[in-house]
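Take a look at the structure set out below.
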Amino acid sequence: AAVDHQNRLPNIVLIYADDLGWGDVHANNPDGGKIPTPHMDRVAAEGLTLTDMHSASAVCSPSRYALLTGRYSWRSRLQRSIVYPNMDYLIDPDRLTLPEMLNKQGYYSGIVGKWHLGSEYDRAVDEDLPAGPIGDGRHVAKGPLTQGFDYFYGAYTNGQTIMIENDREVLNLPQLEDVLPLHTRKAVEFVQQRGGSKIGNRRVPFFLLFSMTSPHFPLVPSEEWKGRTGMGDYADFVAETDHSIGNVLAAIEQVGLEDETIVIVTSDNGSPGNFALPLQKQYGHLANGPFRGHKGDIWEGGHRVPFLVRWPEKVPAGPESDALVSQIDLIATFASAARATLPDEAEIDGVDQLAEFTGTSTEPARDRLIISPNSPKHLTVRKDQWVY
């Protein structure tokens, strides 16, 4: 019997790279992009490219807050910079998040990779553990599982070799080069396991946030990828990032869910200037494309990010859209795809962009956007081709 794709809720795989510039994706930047990215290029060819997508901030933690809550990052208590290790948990426990919204629709939600929104260890549970460095098996009282995710495997920030599974530290890797390959394997395993999960005869839809640690500093391409591009560690790490994305795409196909899965590839902010500028000077690679500025900047290069969306039979293959879109829009867009209604008390700033994704919009869903690069003193308002 034919599978009824029309009435099934789609799986959602949101691949969230770290510091990947708009121009690092070769399909975005065929003349100025010198790093091969065949897997991301394939998503672009098989889906829609949004060329005017913005992260909510030009740095990491506030962008992630906005992605998960659908709210402008300056509405949080973090008014500048990022969440550092051992800082308080950033998202209010009562604040609706993307995985919580999807879970109410019957989804199983997982995050693999980087969290970077604060943590809190349960000292009462761990009082019998000996004093020692991070990695002694401590229990995590607050983290992804207390904000709607059913599963977590990863680290709290970049540069950490301590891996946490769900709510407990489980592994101390020997070196940072092992982090991306391990996270990739865990993302693949999540797709493989959830792809066959059913309640009775009903398939359980899943949401995976593959929150990558690459190509963010420290630049640690694995031995297999080091030197592959001939353009240095940053380029090698971008190429390995693309390879990891390819592994996740292959897993979706392996479980036969390609037609039922929304795949999105994007980044939390632009590429940092200390890597992008030398690449531009030496190799002509424009990591942030034609846009002025870099990570942390008020200029477009700080927050205009790659955005590719593939959903066979729903999203047309190959076109580009220059509609103004923000990552704060994803919670409303996914709610629409999952046939959910967002409650008024969630106070969402984002708007539903599903019609833009599927090529059925008759007018843009938004005509202006507020962006906070790294401080509320530098809020910008974008409208049409103007920034104030």
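The way I read the labels, and the way they are meant: chains A, B, ... in the order of the structure tokens, residue 1 as the first residue of every chain, and ligand 1 as the first ligand shown, with later ones counted on from there.
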Practice item. Step one, run DSSP on the backbone; step two, keep only residues of stretch 152-314 of chain A assigned to helix (DSSP H, G or I); then write them as a PyMOL selection string. Key: chain A and resi 176-195+233-254+258-260+273-283+300-303
Any idea what's packed within 7 Å of stretch 243-256 of chain A, counting only C-alpha atoms, ignoring anything in its chain fewer than 3 positions away? Could you give it as an mmCIF file with N, CA, C and O atoms, in the first residue's frame?
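Heads up, here's the output in around.cif:
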data_model
loop_
_atom_site.group_PDB
_atom_site.id
_atom_site.type_symbol
_atom_site.label_atom_id
_atom_site.label_comp_id
_atom_site.auth_asym_id
_atom_site.auth_seq_id
_atom_site.Cartn_x
_atom_site.Cartn_y
_atom_site.Cartn_z
ATOM 1 N N HIS A 39 27.919 18.248 0.028
ATOM 2 C CA HIS A 39 26.684 17.801 0.679
ATOM 3 C C HIS A 39 25.734 18.961 0.934
ATOM 4 O O HIS A 39 24.521 18.843 0.726
ATOM 5 N N THR A 184 28.933 13.362 15.286
ATOM 6 C CA THR A 184 28.325 12.918 14.025
ATOM 7 C C THR A 184 27.779 11.505 14.162
ATOM 8 O O THR A 184 26.654 11.210 13.728
ATOM 9 N N ALA A 187 24.582 11.631 16.143
ATOM 10 C CA ALA A 187 23.470 12.164 15.355
ATOM 11 C C ALA A 187 22.942 11.101 14.396
ATOM 12 O O ALA A 187 21.723 10.934 14.228
ATOM 13 N N VAL A 188 23.849 10.365 13.769
ATOM 14 C CA VAL A 188 23.457 9.283 12.863
ATOM 15 C C VAL A 188 22.697 8.203 13.621
ATOM 16 O O VAL A 188 21.646 7.709 13.172
ATOM 17 N N VAL A 191 19.093 9.265 14.352
ATOM 18 C CA VAL A 191 18.217 9.118 13.187
ATOM 19 C C VAL A 191 17.882 7.648 12.958
ATOM 20 O O VAL A 191 16.723 7.280 12.698
ATOM 21 N N GLN A 192 18.879 6.783 13.069
ATOM 22 C CA GLN A 192 18.652 5.358 12.834
ATOM 23 C C GLN A 192 17.684 4.767 13.857
ATOM 24 O O GLN A 192 16.789 3.995 13.514
ATOM 25 N N GLY A 195 14.162 6.542 13.563
ATOM 26 C CA GLY A 195 13.522 6.302 12.276
ATOM 27 C C GLY A 195 12.607 5.105 12.269
ATOM 28 O O GLY A 195 11.640 5.044 11.504
ATOM 29 N N ALA A 239 35.250 21.716 5.489
ATOM 30 C CA ALA A 239 35.056 20.543 4.635
ATOM 31 C C ALA A 239 34.614 19.334 5.453
ATOM 32 O O ALA A 239 33.747 18.560 5.021
ATOM 33 N N GLU A 240 35.195 19.170 6.641
ATOM 34 C CA GLU A 240 34.777 18.054 7.497
ATOM 35 C C GLU A 240 33.357 18.269 8.019
ATOM 36 O O GLU A 240 32.592 17.308 8.169
#
Excluding A:Gly284 and residues on its chain fewer than 5 positions from it, collect all residues at most 9 Å away from it, counting only C-alpha atoms, and give them as a short mmCIF file (atom, residue, chain, number, x, y, z; two decimals) with C-alpha atoms, in the first residue's frame.
data_model
loop_
_atom_site.label_atom_id
_atom_site.label_comp_id
_atom_site.auth_asym_id
_atom_site.auth_seq_id
_atom_site.Cartn_x
_atom_site.Cartn_y
_atom_site.Cartn_z
CA GLY A 32 34.14 33.38 -3.99
CA GLY A 33 33.73 30.06 -2.18
CA LYS A 34 36.88 28.01 -2.57
CA LEU A 279 41.64 33.03 3.79
#
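Residue nearest A:Glu258 within the list A:Ile162, A:Val43, A:Leu20, A:Ala155: A:Val43 [criterion: smallest interatomic distance, only C-alpha atoms].
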Exercise for review: List every residue of stretch 12-65 of chain A that DSSP, applied to the backbone, labels as strand (DSSP E or B), and write the result as a PyMOL selection string.
Suggested key: chain A and resi 12-17+48-50+53-54+57
Dump of C-alpha atoms for the selected residues, as an mmCIF file, in the first residue's frame:
data_model
loop_
_atom_site.group_PDB
_atom_site.id
_atom_site.type_symbol
_atom_site.label_atom_id
_atom_site.label_comp_id
_atom_site.auth_asym_id
_atom_site.auth_seq_id
_atom_site.Cartn_x
_atom_site.Cartn_y
_atom_site.Cartn_z
ATOM 1 C CA ILE A 12 12.616 17.719 11.472
ATOM 2 C CA VAL A 13 16.420 17.629 11.325
ATOM 3 C CA LEU A 14 17.885 21.047 12.073
ATOM 4 C CA ILE A 15 21.634 21.123 11.421
ATOM 5 C CA TYR A 16 23.084 24.122 13.234
ATOM 6 C CA ALA A 17 26.727 24.747 12.365
ATOM 7 C CA LEU A 48 15.258 26.036 -1.196
ATOM 8 C CA THR A 49 18.034 28.509 -0.422
ATOM 9 C CA LEU A 50 17.077 31.536 1.649
ATOM 10 C CA MET A 53 18.327 34.636 6.581
ATOM 11 C CA HIS A 54 19.630 36.117 9.841
ATOM 12 C CA SER A 57 22.649 37.747 17.186
#
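Closest approach to A:Pro290 among A:Phe207, A:His139, A:Asp92, A:Arg304 is made by A:Arg304 (distances from only C-alpha atoms).
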**Study point:** Spatial neighbours of stretch 358-368 of chain A, max dist 8 Å, only C-alpha atoms, sep filter under 5 positions, as a PyMOL selection string
**Key:** chain A and resi 314-316+323-325+351-353+381-384
Please dump the current selection as an mmCIF file, in the first residue's frame; keep N, CA, C and O atoms.
data_model
loop_
_atom_site.group_PDB
_atom_site.id
_atom_site.type_symbol
_atom_site.label_atom_id
_atom_site.label_comp_id
_atom_site.auth_asym_id
_atom_site.auth_seq_id
_atom_site.Cartn_x
_atom_site.Cartn_y
_atom_site.Cartn_z
ATOM 1 N N LYS A 314 7.222 19.014 -0.926
ATOM 2 C CA LYS A 314 6.613 20.183 -0.279
ATOM 3 C C LYS A 314 7.404 21.460 -0.589
ATOM 4 O O LYS A 314 6.821 22.498 -0.883
ATOM 5 N N VAL A 315 8.719 21.377 -0.510
ATOM 6 C CA VAL A 315 9.588 22.514 -0.806
ATOM 7 C C VAL A 315 10.146 22.328 -2.210
ATOM 8 O O VAL A 315 10.744 21.288 -2.501
ATOM 9 N N PRO A 316 9.952 23.292 -3.104
ATOM 10 C CA PRO A 316 10.454 23.136 -4.470
ATOM 11 C C PRO A 316 11.972 23.007 -4.498
ATOM 12 O O PRO A 316 12.674 23.601 -3.674
ATOM 13 N N ALA A 323 13.541 36.609 0.495
ATOM 14 C CA ALA A 323 12.672 37.111 1.562
ATOM 15 C C ALA A 323 13.478 37.311 2.840
ATOM 16 O O ALA A 323 14.414 36.554 3.136
ATOM 17 N N LEU A 324 13.131 38.326 3.601
ATOM 18 C CA LEU A 324 13.788 38.594 4.877
ATOM 19 C C LEU A 324 13.260 37.612 5.921
ATOM 20 O O LEU A 324 12.064 37.564 6.205
ATOM 21 N N VAL A 325 14.152 36.797 6.478
ATOM 22 C CA VAL A 325 13.774 35.739 7.418
ATOM 23 C C VAL A 325 14.768 35.732 8.559
ATOM 24 O O VAL A 325 15.941 36.086 8.404
ATOM 25 N N VAL A 351 7.640 34.784 13.113
ATOM 26 C CA VAL A 351 6.450 34.645 12.279
ATOM 27 C C VAL A 351 6.548 33.360 11.464
ATOM 28 O O VAL A 351 7.638 32.823 11.235
ATOM 29 N N ASP A 352 5.405 32.864 11.030
ATOM 30 C CA ASP A 352 5.326 31.620 10.265
ATOM 31 C C ASP A 352 5.842 31.853 8.839
ATOM 32 O O ASP A 352 5.279 32.642 8.094
ATOM 33 N N GLN A 353 6.888 31.139 8.471
ATOM 34 C CA GLN A 353 7.480 31.261 7.141
ATOM 35 C C GLN A 353 7.223 30.021 6.276
ATOM 36 O O GLN A 353 7.866 29.851 5.238
ATOM 37 N N VAL A 381 17.710 47.926 13.233
ATOM 38 C CA VAL A 381 16.435 47.624 12.588
ATOM 39 C C VAL A 381 16.693 47.506 11.098
ATOM 40 O O VAL A 381 17.206 48.435 10.477
ATOM 41 N N ARG A 382 16.354 46.372 10.541
ATOM 42 C CA ARG A 382 16.514 46.133 9.111
ATOM 43 C C ARG A 382 15.139 46.230 8.454
ATOM 44 O O ARG A 382 14.192 45.570 8.898
ATOM 45 N N LYS A 383 15.017 47.015 7.415
ATOM 46 C CA LYS A 383 13.794 47.103 6.620
ATOM 47 C C LYS A 383 14.186 47.306 5.162
ATOM 48 O O LYS A 383 14.937 48.217 4.853
ATOM 49 N N ASP A 384 13.654 46.426 4.308
ATOM 50 C CA ASP A 384 14.017 46.464 2.895
ATOM 51 C C ASP A 384 15.553 46.427 2.767
ATOM 52 O O ASP A 384 16.178 45.538 3.328
#
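Here atom CA of A:Pro181 is placed at a distance of 16.2 Å from atom CA of A:Phe152.
Take the candidates A:Gly196, A:Arg75, A:Leu68, A:Phe307 and check each one against A:Ile371 using only C-alpha atoms; the shortest distance goes to A:Arg75.
Among the candidates A:Gly21, A:Leu9, A:Ala66, A:Gly289, the residue lying nearest to A:Ile331 is A:Ala66 (atoms considered: only C-alpha atoms).
When only C-alpha atoms are used to measure the gap to A:Ser214, the shortest distance among A:Pro312, A:Pro36, A:Pro343, A:Gly113 belongs to A:Gly113.
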Study note, to complete from the structure: Using only C-alpha atoms, the best pick from A:Trp311, A:His183, A:Ser372, A:Tyr234 as closest to A:Leu277 would be A:Tyr234
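From atom CA of A:Arg95 back to atom CA of A:Thr380, the distance works out to 24.9 Å.
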Practice item. Show which residues sit within 7 Å of stretch 235-237 of chain A, as a VMD selection string. Count only C-alpha atoms, and ignore same-chain residues fewer than 6 positions away. Key: chain A and resid 35 214 to 215 219 to 221 225 to 229
File of the preceding selection, all heavy atoms, as a PDB file, in the first residue's frame:
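Once everything was written out, this is selection.pdb:
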ATOM      1  N   ILE A  35      36.085  26.486  -0.832  1.00  0.00           N
ATOM      2  CA  ILE A  35      36.068  25.230  -0.074  1.00  0.00           C
ATOM      3  C   ILE A  35      34.973  24.330  -0.643  1.00  0.00           C
ATOM      4  O   ILE A  35      33.825  24.750  -0.758  1.00  0.00           O
ATOM      5  CB  ILE A  35      35.794  25.495   1.416  1.00  0.00           C
ATOM      6  CG1 ILE A  35      36.838  26.461   1.992  1.00  0.00           C
ATOM      7  CG2 ILE A  35      35.800  24.189   2.205  1.00  0.00           C
ATOM      8  CD1 ILE A  35      36.494  26.958   3.398  1.00  0.00           C
ATOM      9  N   SER A 214      31.514  22.794  15.018  1.00  0.00           N
ATOM     10  CA  SER A 214      32.415  23.200  13.942  1.00  0.00           C
ATOM     11  C   SER A 214      31.715  24.156  12.992  1.00  0.00           C
ATOM     12  O   SER A 214      30.488  24.150  12.890  1.00  0.00           O
ATOM     13  CB  SER A 214      32.875  21.957  13.174  1.00  0.00           C
ATOM     14  OG  SER A 214      31.761  21.291  12.596  1.00  0.00           O
ATOM     15  N   PRO A 215      32.500  24.995  12.274  1.00  0.00           N
ATOM     16  CA  PRO A 215      33.962  25.123  12.292  1.00  0.00           C
ATOM     17  C   PRO A 215      34.501  26.136  13.303  1.00  0.00           C
ATOM     18  O   PRO A 215      35.491  26.815  13.054  1.00  0.00           O
ATOM     19  CB  PRO A 215      34.261  25.573  10.867  1.00  0.00           C
ATOM     20  CG  PRO A 215      33.072  26.417  10.497  1.00  0.00           C
ATOM     21  CD  PRO A 215      31.892  25.779  11.167  1.00  0.00           C
ATOM     22  N   LEU A 219      40.278  25.146  15.995  1.00  0.00           N
ATOM     23  CA  LEU A 219      40.213  24.491  14.694  1.00  0.00           C
ATOM     24  C   LEU A 219      40.875  23.123  14.790  1.00  0.00           C
ATOM     25  O   LEU A 219      42.104  23.012  14.830  1.00  0.00           O
ATOM     26  CB  LEU A 219      40.904  25.358  13.638  1.00  0.00           C
ATOM     27  CG  LEU A 219      40.347  26.776  13.484  1.00  0.00           C
ATOM     28  CD1 LEU A 219      41.133  27.530  12.416  1.00  0.00           C
ATOM     29  CD2 LEU A 219      38.860  26.765  13.151  1.00  0.00           C
ATOM     30  N   VAL A 220      40.053  22.088  14.851  1.00  0.00           N
ATOM     31  CA  VAL A 220      40.573  20.747  15.110  1.00  0.00           C
ATOM     32  C   VAL A 220      40.019  19.735  14.105  1.00  0.00           C
ATOM     33  O   VAL A 220      39.304  18.796  14.472  1.00  0.00           O
ATOM     34  CB  VAL A 220      40.252  20.303  16.560  1.00  0.00           C
ATOM     35  CG1 VAL A 220      41.164  20.987  17.555  1.00  0.00           C
ATOM     36  CG2 VAL A 220      38.783  20.587  16.912  1.00  0.00           C
ATOM     37  N   PRO A 221      40.321  19.904  12.815  1.00  0.00           N
ATOM     38  CA  PRO A 221      39.918  18.860  11.874  1.00  0.00           C
ATOM     39  C   PRO A 221      40.557  17.538  12.263  1.00  0.00           C
ATOM     40  O   PRO A 221      41.680  17.501  12.775  1.00  0.00           O
ATOM     41  CB  PRO A 221      40.438  19.367  10.527  1.00  0.00           C
ATOM     42  CG  PRO A 221      41.556  20.302  10.872  1.00  0.00           C
ATOM     43  CD  PRO A 221      41.143  20.945  12.166  1.00  0.00           C
ATOM     44  N   TRP A 225      40.930  14.570   7.850  1.00  0.00           N
ATOM     45  CA  TRP A 225      40.600  15.777   7.100  1.00  0.00           C
ATOM     46  C   TRP A 225      41.670  16.847   7.158  1.00  0.00           C
ATOM     47  O   TRP A 225      41.643  17.791   6.370  1.00  0.00           O
ATOM     48  CB  TRP A 225      39.260  16.342   7.599  1.00  0.00           C
ATOM     49  CG  TRP A 225      38.144  15.497   7.099  1.00  0.00           C
ATOM     50  CD1 TRP A 225      37.612  14.387   7.687  1.00  0.00           C
ATOM     51  CD2 TRP A 225      37.473  15.630   5.844  1.00  0.00           C
ATOM     52  NE1 TRP A 225      36.651  13.833   6.888  1.00  0.00           N
ATOM     53  CE2 TRP A 225      36.535  14.580   5.749  1.00  0.00           C
ATOM     54  CE3 TRP A 225      37.560  16.549   4.804  1.00  0.00           C
ATOM     55  CZ2 TRP A 225      35.708  14.418   4.647  1.00  0.00           C
ATOM     56  CZ3 TRP A 225      36.729  16.397   3.706  1.00  0.00           C
ATOM     57  CH2 TRP A 225      35.819  15.338   3.632  1.00  0.00           C
ATOM     58  N   LYS A 226      42.606  16.731   8.043  1.00  0.00           N
ATOM     59  CA  LYS A 226      43.648  17.739   8.171  1.00  0.00           C
ATOM     60  C   LYS A 226      44.502  17.766   6.913  1.00  0.00           C
ATOM     61  O   LYS A 226      45.042  16.752   6.486  1.00  0.00           O
ATOM     62  CB  LYS A 226      44.512  17.472   9.396  1.00  0.00           C
ATOM     63  CG  LYS A 226      45.434  18.625   9.755  1.00  0.00           C
ATOM     64  CD  LYS A 226      46.108  18.384  11.100  1.00  0.00           C
ATOM     65  CE  LYS A 226      47.025  19.534  11.478  1.00  0.00           C
ATOM     66  NZ  LYS A 226      46.296  20.802  11.679  1.00  0.00           N
ATOM     67  N   GLY A 227      44.600  18.934   6.296  1.00  0.00           N
ATOM     68  CA  GLY A 227      45.376  19.083   5.070  1.00  0.00           C
ATOM     69  C   GLY A 227      44.606  18.760   3.798  1.00  0.00           C
ATOM     70  O   GLY A 227      45.138  18.904   2.691  1.00  0.00           O
ATOM     71  N   ARG A 228      43.346  18.348   3.943  1.00  0.00           N
ATOM     72  CA  ARG A 228      42.578  17.883   2.776  1.00  0.00           C
ATOM     73  C   ARG A 228      42.369  18.987   1.733  1.00  0.00           C
ATOM     74  O   ARG A 228      42.459  18.729   0.530  1.00  0.00           O
ATOM     75  CB  ARG A 228      41.232  17.328   3.257  1.00  0.00           C
ATOM     76  CG  ARG A 228      40.328  16.777   2.157  1.00  0.00           C
ATOM     77  CD  ARG A 228      40.771  15.395   1.694  1.00  0.00           C
ATOM     78  NE  ARG A 228      40.542  14.375   2.687  1.00  0.00           N
ATOM     79  CZ  ARG A 228      39.446  13.609   2.739  1.00  0.00           C
ATOM     80  NH1 ARG A 228      38.491  13.766   1.841  1.00  0.00           N
ATOM     81  NH2 ARG A 228      39.330  12.678   3.662  1.00  0.00           N
ATOM     82  N   THR A 229      42.095  20.208   2.186  1.00  0.00           N
ATOM     83  CA  THR A 229      41.791  21.280   1.229  1.00  0.00           C
ATOM     84  C   THR A 229      43.033  22.012   0.743  1.00  0.00           C
ATOM     85  O   THR A 229      42.986  22.712  -0.273  1.00  0.00           O
ATOM     86  CB  THR A 229      40.849  22.319   1.864  1.00  0.00           C
ATOM     87  OG1 THR A 229      41.535  22.999   2.925  1.00  0.00           O
ATOM     88  CG2 THR A 229      39.582  21.672   2.393  1.00  0.00           C
TER      89      THR A 229
END
Check your understanding: Leaving out A:Gly293 and any residue of its chain fewer than 5 positions from it, which residues lie within 6 Å of it when counting only C-alpha atoms, given as a PyMOL selection string?
Key -> chain A and resi 299+301-302
Output file for the selection above: all heavy atoms, as a CSV table (one decimal), in the first residue's frame:
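Result file follows (selection-v4.csv):
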chain,number,residue,atom,x,y,z
A,299,TRP,N,27.5,44.6,11.1
A,299,TRP,CA,27.3,44.5,9.7
A,299,TRP,C,26.8,43.1,9.3
A,299,TRP,O,26.8,42.2,10.1
A,299,TRP,CB,28.6,44.8,9.0
A,299,TRP,CG,29.3,46.0,9.5
A,299,TRP,CD1,30.5,46.1,10.2
A,299,TRP,CD2,28.8,47.4,9.3
A,299,TRP,NE1,30.7,47.4,10.5
A,299,TRP,CE2,29.8,48.2,9.9
A,299,TRP,CE3,27.7,47.9,8.7
A,299,TRP,CZ2,29.6,49.6,9.9
A,299,TRP,CZ3,27.6,49.3,8.7
A,299,TRP,CH2,28.5,50.1,9.3
A,301,GLY,N,27.7,40.7,7.6
A,301,GLY,CA,28.6,39.5,7.7
A,301,GLY,C,28.6,38.8,9.1
A,301,GLY,O,28.9,37.7,9.2
A,302,GLY,N,28.1,39.6,10.1
A,302,GLY,CA,28.0,39.0,11.4
A,302,GLY,C,26.9,38.2,11.7
A,302,GLY,O,26.9,37.3,12.5
